[in-house]
>>> print(open('entry.pdb').read())   # PDB, C-alpha atoms
ATOM      1  CA  MET A 558    -163.539  17.019 232.740
ATOM      2  CA  ASN A 559    -163.906  13.246 232.631
ATOM      3  CA  ILE A 560    -160.651  11.455 231.865
ATOM      4  CA  TYR A 561    -160.358   7.900 230.556
ATOM      5  CA  LEU A 562    -157.173   5.849 230.274
ATOM      6  CA  ALA A 563    -156.957   4.439 226.752
ATOM      7  CA  PRO A 564    -156.086   0.752 226.432
ATOM      8  CA  MET A 565    -152.546  -0.043 225.329
ATOM      9  CA  GLU A 566    -151.659  -3.664 224.697
ATOM     10  CA  GLY A 567    -148.766  -4.868 226.856
ATOM     11  CA  ILE A 568    -148.961  -1.904 229.252
ATOM     12  CA  THR A 569    -152.403  -1.106 230.684
ATOM     13  CA  GLY A 570    -153.289  -4.566 231.997
ATOM     14  CA  TRP A 571    -155.107  -5.150 235.266
ATOM     15  CA  GLY A 572    -151.980  -4.818 237.388
ATOM     16  CA  TYR A 573    -151.077  -1.495 235.819
ATOM     17  CA  ARG A 574    -154.628  -0.157 236.193
ATOM     18  CA  ASN A 575    -154.825  -0.973 239.883
ATOM     19  CA  THR A 576    -151.352   0.349 240.626
ATOM     20  CA  PHE A 577    -152.040   3.550 238.708
ATOM     21  CA  GLN A 578    -155.279   4.106 240.597
ATOM     22  CA  LYS A 579    -153.574   3.508 243.942
ATOM     23  CA  HIS A 580    -150.841   6.079 243.391
ATOM     24  CA  PHE A 581    -152.248   8.650 240.960
ATOM     25  CA  GLY A 582    -156.014   8.306 240.543
ATOM     26  CA  HIS A 583    -158.072  11.008 238.805
ATOM     27  CA  ILE A 584    -159.131   8.496 236.121
ATOM     28  CA  ASP A 585    -162.884   8.196 235.633
ATOM     29  CA  LYS A 586    -162.775   5.077 233.480
ATOM     30  CA  TYR A 587    -160.237   2.476 232.442
ATOM     31  CA  MET A 588    -160.610   0.300 229.356
ATOM     32  CA  THR A 589    -159.115  -3.135 229.042
ATOM     33  CA  PRO A 590    -156.765  -3.882 226.162
ATOM     34  CA  PHE A 591    -159.027  -5.376 223.513
ATOM     35  CA  LEU A 592    -160.505  -8.830 223.912
ATOM     36  CA  SER A 593    -160.922 -10.633 220.601
ATOM     37  CA  PRO A 594    -163.684 -13.239 220.985
ATOM     38  CA  GLY A 595    -163.693 -16.027 218.419
ATOM     39  CA  SER A 596    -165.899 -18.855 217.264
ATOM     40  CA  SER A 597    -164.533 -21.091 220.031
ATOM     41  CA  LYS A 598    -166.781 -19.194 222.472
ATOM     42  CA  GLY A 599    -164.217 -18.826 225.173
ATOM     43  CA  PHE A 600    -161.790 -16.281 226.590
ATOM     44  CA  THR A 601    -158.085 -17.042 226.859
ATOM     45  CA  ASN A 602    -156.510 -17.234 230.306
ATOM     46  CA  ARG A 603    -154.856 -13.851 229.745
ATOM     47  CA  GLN A 604    -158.212 -12.318 228.852
ATOM     48  CA  ILE A 605    -159.869 -13.890 231.879
ATOM     49  CA  GLN A 606    -157.279 -12.268 234.136
ATOM     50  CA  GLU A 607    -158.174  -8.885 232.628
ATOM     51  CA  ILE A 608    -161.903  -9.176 233.304
ATOM     52  CA  LEU A 609    -162.077 -11.019 236.630
ATOM     53  CA  PRO A 610    -164.123  -8.808 238.976
ATOM     54  CA  GLU A 611    -161.599  -9.320 241.783
ATOM     55  CA  HIS A 612    -158.903  -7.811 239.544
ATOM     56  CA  ASN A 613    -160.910  -4.647 238.958
ATOM     57  CA  GLN A 614    -162.357  -3.760 242.343
ATOM     58  CA  GLY A 615    -162.725  -0.114 243.241
ATOM     59  CA  ILE A 616    -162.137   1.187 239.718
ATOM     60  CA  CYS A 617    -164.476   1.782 236.783
ATOM     61  CA  VAL A 618    -163.487  -0.627 234.010
ATOM     62  CA  THR A 619    -165.071  -1.191 230.601
ATOM     63  CA  PRO A 620    -164.007  -4.252 228.599
ATOM     64  CA  GLN A 621    -163.193  -3.529 224.963
ATOM     65  CA  LEU A 622    -164.148  -6.038 222.248
ATOM     66  CA  LEU A 623    -162.503  -6.394 218.845
ATOM     67  CA  THR A 624    -164.500  -8.378 216.300
ATOM     68  CA  CYS A 625    -166.451  -8.044 213.053
ATOM     69  CA  ARG A 626    -168.770 -10.973 213.822
ATOM     70  CA  SER A 627    -171.953  -9.942 215.596
ATOM     71  CA  GLN A 628    -172.503 -13.407 217.095
ATOM     72  CA  ASP A 629    -169.069 -13.314 218.738
ATOM     73  CA  PHE A 630    -169.666  -9.815 220.122
ATOM     74  CA  ILE A 631    -173.083 -10.837 221.489
ATOM     75  CA  TRP A 632    -171.667 -13.950 223.156
ATOM     76  CA  ALA A 633    -168.807 -12.015 224.768
ATOM     77  CA  ALA A 634    -171.063  -9.177 225.940
ATOM     78  CA  LYS A 635    -173.437 -11.621 227.632
ATOM     79  CA  GLU A 636    -170.519 -13.331 229.366
ATOM     80  CA  LEU A 637    -169.252  -9.981 230.596
ATOM     81  CA  LYS A 638    -172.691  -9.017 231.840
ATOM     82  CA  GLN A 639    -172.753 -12.167 233.962
ATOM     83  CA  LEU A 640    -169.512 -10.997 235.543
ATOM     84  CA  GLY A 641    -171.199  -7.750 236.534
ATOM     85  CA  TYR A 642    -170.136  -5.385 233.765
ATOM     86  CA  LYS A 643    -172.728  -2.847 232.647
ATOM     87  CA  GLU A 644    -170.958  -1.559 229.536
ATOM     88  CA  VAL A 645    -168.783  -2.903 226.722
ATOM     89  CA  ASN A 646    -166.832  -0.977 224.121
ATOM     90  CA  LEU A 647    -166.563  -1.838 220.428
ATOM     91  CA  ASN A 648    -163.092  -1.207 219.014
ATOM     92  CA  LEU A 649    -163.360   0.356 215.551
ATOM     93  CA  GLY A 650    -160.152   2.302 216.022
ATOM     94  CA  CYS A 651    -157.177  -0.078 215.940
ATOM     95  CA  PRO A 652    -155.138   0.714 212.768
ATOM     96  CA  SER A 653    -152.775  -2.294 212.910
ATOM     97  CA  GLY A 654    -152.424  -4.059 209.581
ATOM     98  CA  THR A 655    -152.770  -7.508 211.134
ATOM     99  CA  VAL A 656    -156.089  -6.398 212.637
ATOM    100  CA  THR A 657    -157.527  -4.445 209.720
ATOM    101  CA  ALA A 658    -156.696  -7.215 207.251
ATOM    102  CA  LYS A 659    -159.283  -9.319 209.081
ATOM    103  CA  LYS A 660    -161.886  -6.549 208.746
ATOM    104  CA  LYS A 661    -161.538  -5.734 212.453
ATOM    105  CA  GLY A 662    -160.793  -2.478 214.227
ATOM    106  CA  SER A 663    -160.663   0.463 211.819
ATOM    107  CA  GLY A 664    -160.613  -2.032 208.932
ATOM    108  CA  PHE A 665    -164.340  -2.521 209.487
ATOM    109  CA  LEU A 666    -164.949   1.144 208.627
ATOM    110  CA  ALA A 667    -164.330   0.409 204.947
ATOM    111  CA  TYR A 668    -167.533  -1.664 204.872
ATOM    112  CA  PRO A 669    -170.241   0.692 206.168
ATOM    113  CA  GLU A 670    -173.194  -1.456 205.049
ATOM    114  CA  GLU A 671    -171.831  -4.521 206.826
ATOM    115  CA  LEU A 672    -170.988  -2.387 209.852
ATOM    116  CA  ASN A 673    -174.553  -1.090 209.939
ATOM    117  CA  GLU A 674    -175.927  -4.640 209.952
ATOM    118  CA  PHE A 675    -173.432  -5.604 212.672
ATOM    119  CA  LEU A 676    -174.556  -2.685 214.847
ATOM    120  CA  PHE A 677    -178.209  -3.516 214.269
ATOM    121  CA  GLN A 678    -177.606  -7.049 215.523
ATOM    122  CA  ILE A 679    -175.632  -6.165 218.643
ATOM    123  CA  TYR A 680    -177.858  -3.291 219.771
ATOM    124  CA  GLU A 681    -180.920  -5.465 219.307
ATOM    125  CA  LYS A 682    -179.595  -8.458 221.237
ATOM    126  CA  VAL A 683    -177.272  -7.052 223.903
ATOM    127  CA  ASP A 684    -178.998  -5.764 227.043
ATOM    128  CA  MET A 685    -176.239  -3.469 228.301
ATOM    129  CA  LYS A 686    -174.558  -0.225 227.311
ATOM    130  CA  ILE A 687    -172.395  -0.328 224.202
ATOM    131  CA  SER A 688    -169.918   2.459 223.504
ATOM    132  CA  ILE A 689    -167.888   2.736 220.310
ATOM    133  CA  LYS A 690    -164.303   3.830 219.743
ATOM    134  CA  THR A 691    -163.883   4.885 216.120
ATOM    135  CA  ARG A 692    -161.570   6.507 213.636
ATOM    136  CA  LEU A 693    -162.799   8.796 210.882
ATOM    137  CA  GLY A 694    -162.594   6.142 208.184
ATOM    138  CA  LYS A 695    -160.083   4.147 206.188
ATOM    139  CA  GLU A 696    -158.749   6.538 203.531
ATOM    140  CA  GLU A 697    -160.242  10.022 203.843
ATOM    141  CA  PRO A 698    -161.486  12.025 206.863
ATOM    142  CA  GLU A 699    -164.724  12.904 205.073
ATOM    143  CA  GLU A 700    -165.773   9.250 205.278
ATOM    144  CA  PHE A 701    -166.722  10.002 208.849
ATOM    145  CA  TYR A 702    -169.900  11.856 207.993
ATOM    146  CA  HIS A 703    -171.453   8.747 206.453
ATOM    147  CA  LEU A 704    -170.230   6.618 209.351
ATOM    148  CA  LEU A 705    -171.714   9.121 211.795
ATOM    149  CA  SER A 706    -175.090   8.852 210.075
ATOM    150  CA  ILE A 707    -174.919   5.135 210.856
ATOM    151  CA  TYR A 708    -173.842   5.611 214.476
ATOM    152  CA  ASN A 709    -176.671   8.094 214.976
ATOM    153  CA  GLN A 710    -179.205   5.340 214.330
ATOM    154  CA  TYR A 711    -178.217   3.515 217.524
ATOM    155  CA  PRO A 712    -178.182   4.297 221.263
ATOM    156  CA  VAL A 713    -174.386   4.520 221.503
ATOM    157  CA  SER A 714    -173.624   5.147 225.169
ATOM    158  CA  GLU A 715    -170.530   7.098 224.139
ATOM    159  CA  LEU A 716    -168.828   7.733 220.794
ATOM    160  CA  ILE A 717    -165.074   7.938 221.328
ATOM    161  CA  ILE A 718    -163.537   9.629 218.287
ATOM    162  CA  HIS A 719    -159.889   9.422 217.279
ATOM    163  CA  PRO A 720    -159.805  11.967 214.421
ATOM    164  CA  ARG A 721    -157.436  10.176 212.058
ATOM    165  CA  VAL A 722    -158.125   7.628 209.328
ATOM    166  CA  GLN A 723    -156.746   4.102 209.403
ATOM    167  CA  LYS A 724    -153.963   4.697 206.879
ATOM    168  CA  GLU A 725    -152.551   7.563 208.966
ATOM    169  CA  PHE A 726    -151.944   5.330 211.999
ATOM    170  CA  TYR A 727    -150.627   7.875 214.552
ATOM    171  CA  LYS A 728    -148.846  10.192 212.108
ATOM    172  CA  GLY A 729    -149.686  13.773 211.244
ATOM    173  CA  SER A 730    -152.081  15.993 213.137
ATOM    174  CA  PRO A 731    -155.573  14.877 214.162
ATOM    175  CA  HIS A 732    -158.328  16.330 211.969
ATOM    176  CA  TRP A 733    -159.879  18.685 214.501
ATOM    177  CA  ASP A 734    -162.106  20.254 211.870
ATOM    178  CA  VAL A 735    -163.838  16.936 211.165
ATOM    179  CA  PHE A 736    -163.961  16.096 214.856
ATOM    180  CA  GLY A 737    -165.614  19.429 215.665
ATOM    181  CA  GLU A 738    -168.241  19.048 212.966
ATOM    182  CA  GLY A 739    -168.824  15.427 213.950
ATOM    183  CA  ALA A 740    -169.277  16.362 217.590
ATOM    184  CA  LYS A 741    -171.977  18.853 216.574
ATOM    185  CA  ARG A 742    -173.802  16.297 214.436
ATOM    186  CA  SER A 743    -173.558  13.364 216.822
ATOM    187  CA  ALA A 744    -176.809  12.195 218.380
ATOM    188  CA  ASN A 745    -174.815  10.508 221.142
ATOM    189  CA  PRO A 746    -172.338  11.704 223.800
ATOM    190  CA  VAL A 747    -168.839  12.293 222.397
ATOM    191  CA  CYS A 748    -165.411  11.622 223.875
ATOM    192  CA  TYR A 749    -162.186  12.873 222.247
ATOM    193  CA  ASN A 750    -159.066  10.728 221.829
ATOM    194  CA  GLY A 751    -155.796  11.628 220.143
ATOM    195  CA  ASP A 752    -152.458  13.353 220.818
ATOM    196  CA  LEU A 753    -153.171  14.829 224.247
ATOM    197  CA  LYS A 754    -149.598  14.222 225.371
ATOM    198  CA  SER A 755    -149.102  17.133 227.760
ATOM    199  CA  ILE A 756    -150.951  19.694 229.807
ATOM    200  CA  LYS A 757    -150.278  22.223 227.031
ATOM    201  CA  ASP A 758    -151.932  19.914 224.506
ATOM    202  CA  TYR A 759    -154.927  19.539 226.785
ATOM    203  CA  LYS A 760    -155.236  23.294 227.351
ATOM    204  CA  ARG A 761    -155.163  23.955 223.602
ATOM    205  CA  PHE A 762    -157.801  21.287 223.032
ATOM    206  CA  HIS A 763    -160.044  22.634 225.781
ATOM    207  CA  GLU A 764    -159.834  26.160 224.397
ATOM    208  CA  GLU A 765    -160.829  24.839 220.957
ATOM    209  CA  PHE A 766    -163.622  22.558 222.200
ATOM    210  CA  PRO A 767    -164.848  23.906 225.563
ATOM    211  CA  ARG A 768    -168.084  21.880 225.399
ATOM    212  CA  ILE A 769    -166.378  18.481 225.170
ATOM    213  CA  GLU A 770    -166.570  17.040 228.666
ATOM    214  CA  THR A 771    -164.698  13.751 228.212
ATOM    215  CA  VAL A 772    -161.270  12.851 226.862
ATOM    216  CA  MET A 773    -159.453   9.551 226.511
ATOM    217  CA  ILE A 774    -155.672   9.680 226.881
ATOM    218  CA  GLY A 775    -153.194   6.889 226.188
ATOM    219  CA  ARG A 776    -149.552   7.713 225.513
ATOM    220  CA  GLY A 777    -149.808  11.031 227.355
ATOM    221  CA  LEU A 778    -150.740   9.325 230.624
ATOM    222  CA  ILE A 779    -148.314   6.438 230.168
ATOM    223  CA  THR A 780    -145.479   8.927 229.684
ATOM    224  CA  ASN A 781    -146.666  11.325 232.381
ATOM    225  CA  PRO A 782    -148.810   9.578 235.018
ATOM    226  CA  PHE A 783    -149.328  12.984 236.696
ATOM    227  CA  LEU A 784    -151.194  14.369 233.673
ATOM    228  CA  ALA A 785    -154.733  13.627 234.882
ATOM    229  CA  TRP A 786    -153.883  15.234 238.232
ATOM    230  CA  GLN A 787    -152.495  18.278 236.420
ATOM    231  CA  ILE A 788    -155.686  18.606 234.386
ATOM    232  CA  ALA A 789    -157.787  18.340 237.531
ATOM    233  CA  LYS A 790    -155.659  21.041 239.194
ATOM    234  CA  GLY A 791    -155.808  23.397 236.245
ATOM    235  CA  GLY A 792    -152.402  22.777 234.672
ATOM    236  CA  THR A 793    -150.087  22.986 237.667
ATOM    237  CA  GLY A 794    -146.448  21.983 237.281
ATOM    238  CA  ILE A 795    -145.366  19.314 239.755
ATOM    239  CA  GLU A 796    -142.218  21.157 240.840
ATOM    240  CA  THR A 797    -144.165  24.308 241.691
ATOM    241  CA  ASP A 798    -146.940  22.724 243.727
ATOM    242  CA  ARG A 799    -145.579  19.790 245.695
ATOM    243  CA  SER A 800    -147.833  20.521 248.648
ATOM    244  CA  GLN A 801    -150.849  19.358 246.646
ATOM    245  CA  MET A 802    -149.331  16.153 245.264
ATOM    246  CA  PRO A 803    -151.471  13.042 245.734
ATOM    247  CA  GLN A 804    -150.808  11.545 249.163
ATOM    248  CA  LEU A 805    -148.644  14.645 249.851
ATOM    249  CA  LYS A 806    -145.600  13.039 248.232
ATOM    250  CA  GLU A 807    -143.096  14.710 245.960
ATOM    251  CA  GLY A 808    -143.341  13.662 242.346
ATOM    252  CA  SER A 809    -140.209  11.507 242.181
ATOM    253  CA  VAL A 810    -141.088   9.697 245.424
ATOM    254  CA  LEU A 811    -144.584   8.964 244.188
ATOM    255  CA  LEU A 812    -143.351   7.785 240.790
ATOM    256  CA  GLN A 813    -140.800   5.478 242.395
ATOM    257  CA  ALA A 814    -143.457   4.004 244.694
ATOM    258  CA  PHE A 815    -145.653   3.394 241.644
ATOM    259  CA  HIS A 816    -142.755   1.755 239.825
ATOM    260  CA  ASP A 817    -141.829  -0.470 242.740
ATOM    261  CA  ASP A 818    -145.385  -1.691 243.299
ATOM    262  CA  LEU A 819    -145.867  -2.476 239.611
ATOM    263  CA  TYR A 820    -142.470  -4.181 239.359
ATOM    264  CA  HIS A 821    -143.274  -6.410 242.331
ATOM    265  CA  HIS A 822    -146.710  -7.183 240.891
ATOM    266  CA  TYR A 823    -145.146  -8.442 237.669
ATOM    267  CA  GLN A 824    -142.624 -10.499 239.614
ATOM    268  CA  GLU A 825    -145.484 -12.158 241.488
ATOM    269  CA  THR A 826    -147.763 -12.766 238.503
ATOM    270  CA  MET A 827    -145.362 -13.446 235.613
ATOM    271  CA  SER A 828    -142.805 -16.196 235.134
ATOM    272  CA  GLY A 829    -139.122 -15.497 234.552
ATOM    273  CA  GLU A 830    -136.884 -12.455 234.651
ATOM    274  CA  LYS A 831    -137.034 -12.037 230.869
ATOM    275  CA  ASN A 832    -140.816 -11.593 230.789
ATOM    276  CA  VAL A 833    -140.903  -9.238 233.763
ATOM    277  CA  LEU A 834    -138.089  -7.068 232.451
ATOM    278  CA  PHE A 835    -139.600  -6.960 228.972
ATOM    279  CA  ARG A 836    -142.812  -5.564 230.447
ATOM    280  CA  MET A 837    -140.966  -2.989 232.562
ATOM    281  CA  LYS A 838    -138.720  -1.904 229.678
ATOM    282  CA  GLU A 839    -141.800  -1.302 227.547
ATOM    283  CA  LEU A 840    -143.097   1.061 230.216
ATOM    284  CA  TRP A 841    -139.719   2.779 230.568
ATOM    285  CA  SER A 842    -139.683   3.573 226.845
ATOM    286  CA  TYR A 843    -142.321   6.155 227.832
ATOM    287  CA  LEU A 844    -141.415   7.102 231.417
ATOM    288  CA  ILE A 845    -137.800   7.971 230.634
ATOM    289  CA  GLU A 846    -139.028  11.198 229.004
ATOM    290  CA  LEU A 847    -139.855  12.556 232.465
ATOM    291  CA  PHE A 848    -136.186  12.676 233.510
ATOM    292  CA  LYS A 849    -133.836  15.456 232.469
ATOM    293  CA  ASN A 850    -130.749  13.990 230.809
ATOM    294  CA  GLY A 851    -131.875  10.479 231.673
ATOM    295  CA  GLU A 852    -131.169   8.946 228.264
ATOM    296  CA  LYS A 853    -127.863   7.295 229.201
ATOM    297  CA  ILE A 854    -129.316   5.503 232.223
ATOM    298  CA  GLY A 855    -132.380   4.729 230.144
ATOM    299  CA  LYS A 856    -130.156   2.763 227.779
ATOM    300  CA  ARG A 857    -128.795   0.803 230.745
ATOM    301  CA  ILE A 858    -132.339  -0.064 231.759
ATOM    302  CA  LYS A 859    -133.106  -1.162 228.204
ATOM    303  CA  LYS A 860    -130.009  -3.385 228.014
ATOM    304  CA  SER A 861    -130.402  -5.009 231.451
ATOM    305  CA  GLN A 862    -130.824  -8.785 231.368
ATOM    306  CA  HIS A 863    -131.239  -9.569 235.063
ATOM    307  CA  TYR A 864    -133.097  -8.103 238.024
ATOM    308  CA  LYS A 865    -129.949  -6.905 239.791
ATOM    309  CA  GLU A 866    -128.626  -4.753 236.952
ATOM    310  CA  TYR A 867    -132.128  -3.467 236.204
ATOM    311  CA  GLU A 868    -132.719  -2.460 239.824
ATOM    312  CA  GLU A 869    -129.319  -0.754 240.060
ATOM    313  CA  ALA A 870    -130.015   1.312 236.938
ATOM    314  CA  VAL A 871    -133.477   2.362 238.133
ATOM    315  CA  LYS A 872    -132.118   3.270 241.574
ATOM    316  CA  GLN A 873    -129.436   5.442 239.974
ATOM    317  CA  LEU A 874    -131.994   7.154 237.744
ATOM    318  CA  PHE A 875    -134.212   8.197 240.648
ATOM    319  CA  ALA A 876    -131.200   9.238 242.757
ATOM    320  CA  GLU A 877    -129.362  11.315 240.174
ATOM    321  CA  LYS A 878    -131.835  12.697 237.667
ATOM    322  CA  LYS A 879    -134.398  15.400 238.242
ATOM    323  CA  LEU A 880    -138.019  14.771 237.462
ATOM    324  CA  HIS A 881    -139.454  17.509 235.278
ATOM    325  CA  ILE A 882    -143.162  17.900 234.647
ATOM    326  CA  ALA A 883    -143.930  21.369 233.370
ATOM    327  CA  SER A 884    -147.078  23.386 233.829
ATOM    328  CA  CYS A 885    -149.083  24.898 231.007
ATOM    329  CA  GLU A 886    -148.102  28.431 231.967
TER     330      GLU A 886
END
>>> encode(input="entry.pdb", output="structure tokens")
Amino acid sequence: MNIYLAPMEGITGWGYRNTFQKHFGHIDKYMTPFLSPGSSKGFTNRQIQEILPEHNQGICVTPQLLTCRSQDFIWAAKELKQLGYKEVNLNLGCPSGTVTAKKKGSGFLAYPEELNEFLFQIYEKVDMKISIKTRLGKEEPEEFYHLLSIYNQYPVSELIIHPRVQKEFYKGSPHWDVFGEGAKRSANPVCYNGDLKSIKDYKRFHEEFPRIETVMIGRGLITNPFLAWQIAKGGTGIETDRSQMPQLKEGSVLLQAFHDDLYHHYQETMSGEKNVLFRMKELWSYLIELFKNGEKIGKRIKKSQHYKEYEEAVKQLFAEKKLHIASCE
């Protein structure tokens, strides 16, 4: 199984990707949080940091572009090619209202004729692989069949399908029935994305769709960085198989090493305690779920205003609370 780490704004930046790869690995491809090229024909400094080759050495990274203007996509893709990238991804999945109101992300799906013309332009003028991350449509899942007939006209290197419509955001269950039918009809390779939050979720998905060879996981991997390793090892629980942990470390030791490296990276690359702690607290809103009865200390982490109190709370968490990552048995 090929496993991709889904992009999550504010979390999966270049520092996170490199630190994750160092400590956990088992990710076949990372995607950058979306880059939104505009008419100014230039990337912001933050975006440049994401795509610099020296910030992505030794890992497979695909930049993701968010735009509804073919000329902006073409410009950005050519710039990325000059940096050495061989593939770009078109984001047609973001459901955020501020994005969709500008006809970007999944908002573009409501205009299939314009989308078709956009795709015609970019596939004609961009000399590199273009993958697409899509939702099923804007209002109804059945919209996907028409969209798929459009995608099938182009050499999409990979069609990453999140089987919800825009208005559902991340609520309710993914429409596996539409995904399954779409996967059968697709003329291009398919990757699944959506609600694979645990090894049990993955096992259920794999039993339902044994022929799907690639999945993209976001929140599941952010919450449980061991998840890709568990999938690779067939669903093993961390507590029951410590001898096979990456780098032969116990789970809590490995997680703390990951945390410390990422924390120090942010201290070196960001300005001010407030910004660093904001970034770490965002990550802890997911990671705290790994600790049994860790909610009280989690609140201390969330309320910390300075490095010292933050570090004391994190140290207490690792010292006193047991890490629990169950198997799929």
>>> resolve_selection(input="entry.pdb", expression="the PyMOL selection byres ((chain A and resi 749) around 12)", output="PyMOL selection string")
chain A and resi 558-563+689-692+715-721+731-733+735-737+739-740+746-748+750-753+759+762-763+766-775
>>> atom_distance(input="entry.pdb", atom1="atom CA of Asn646 of chain A", atom2="atom CA of Ala785 of chain A")
21.8 Å
>>> resolve_selection(input="entry.pdb", expression="the PyMOL selection byres ((chain A and resi 847-861) around 9)", output="PyMOL selection string")
chain A and resi 780-781+834-835+838-839+841-846+862-871+873-875+877-882
>>> atom_distance(input="entry.pdb", atom1="atom CA of Ile779 of chain A", atom2="atom CA of Glu644 of chain A")
24.0 Å
>>> closest_residue(input="entry.pdb", among="A:Glu636, A:Lys728, A:Cys651, A:Lys586", to="Phe600 of chain A", atoms="all atoms listed in the file")
A:Glu636
>>> atom_distance(input="entry.pdb", atom1="atom CA of Tyr573 of chain A", atom2="atom CA of Glu725 of chain A")
28.4 Å
>>> resolve_selection(input="entry.pdb", expression="the PyMOL selection byres ((chain A and resi 742) around 9)", output="VMD selection string")
chain A and resid 702 705 to 706 709 737 to 741 743 to 745
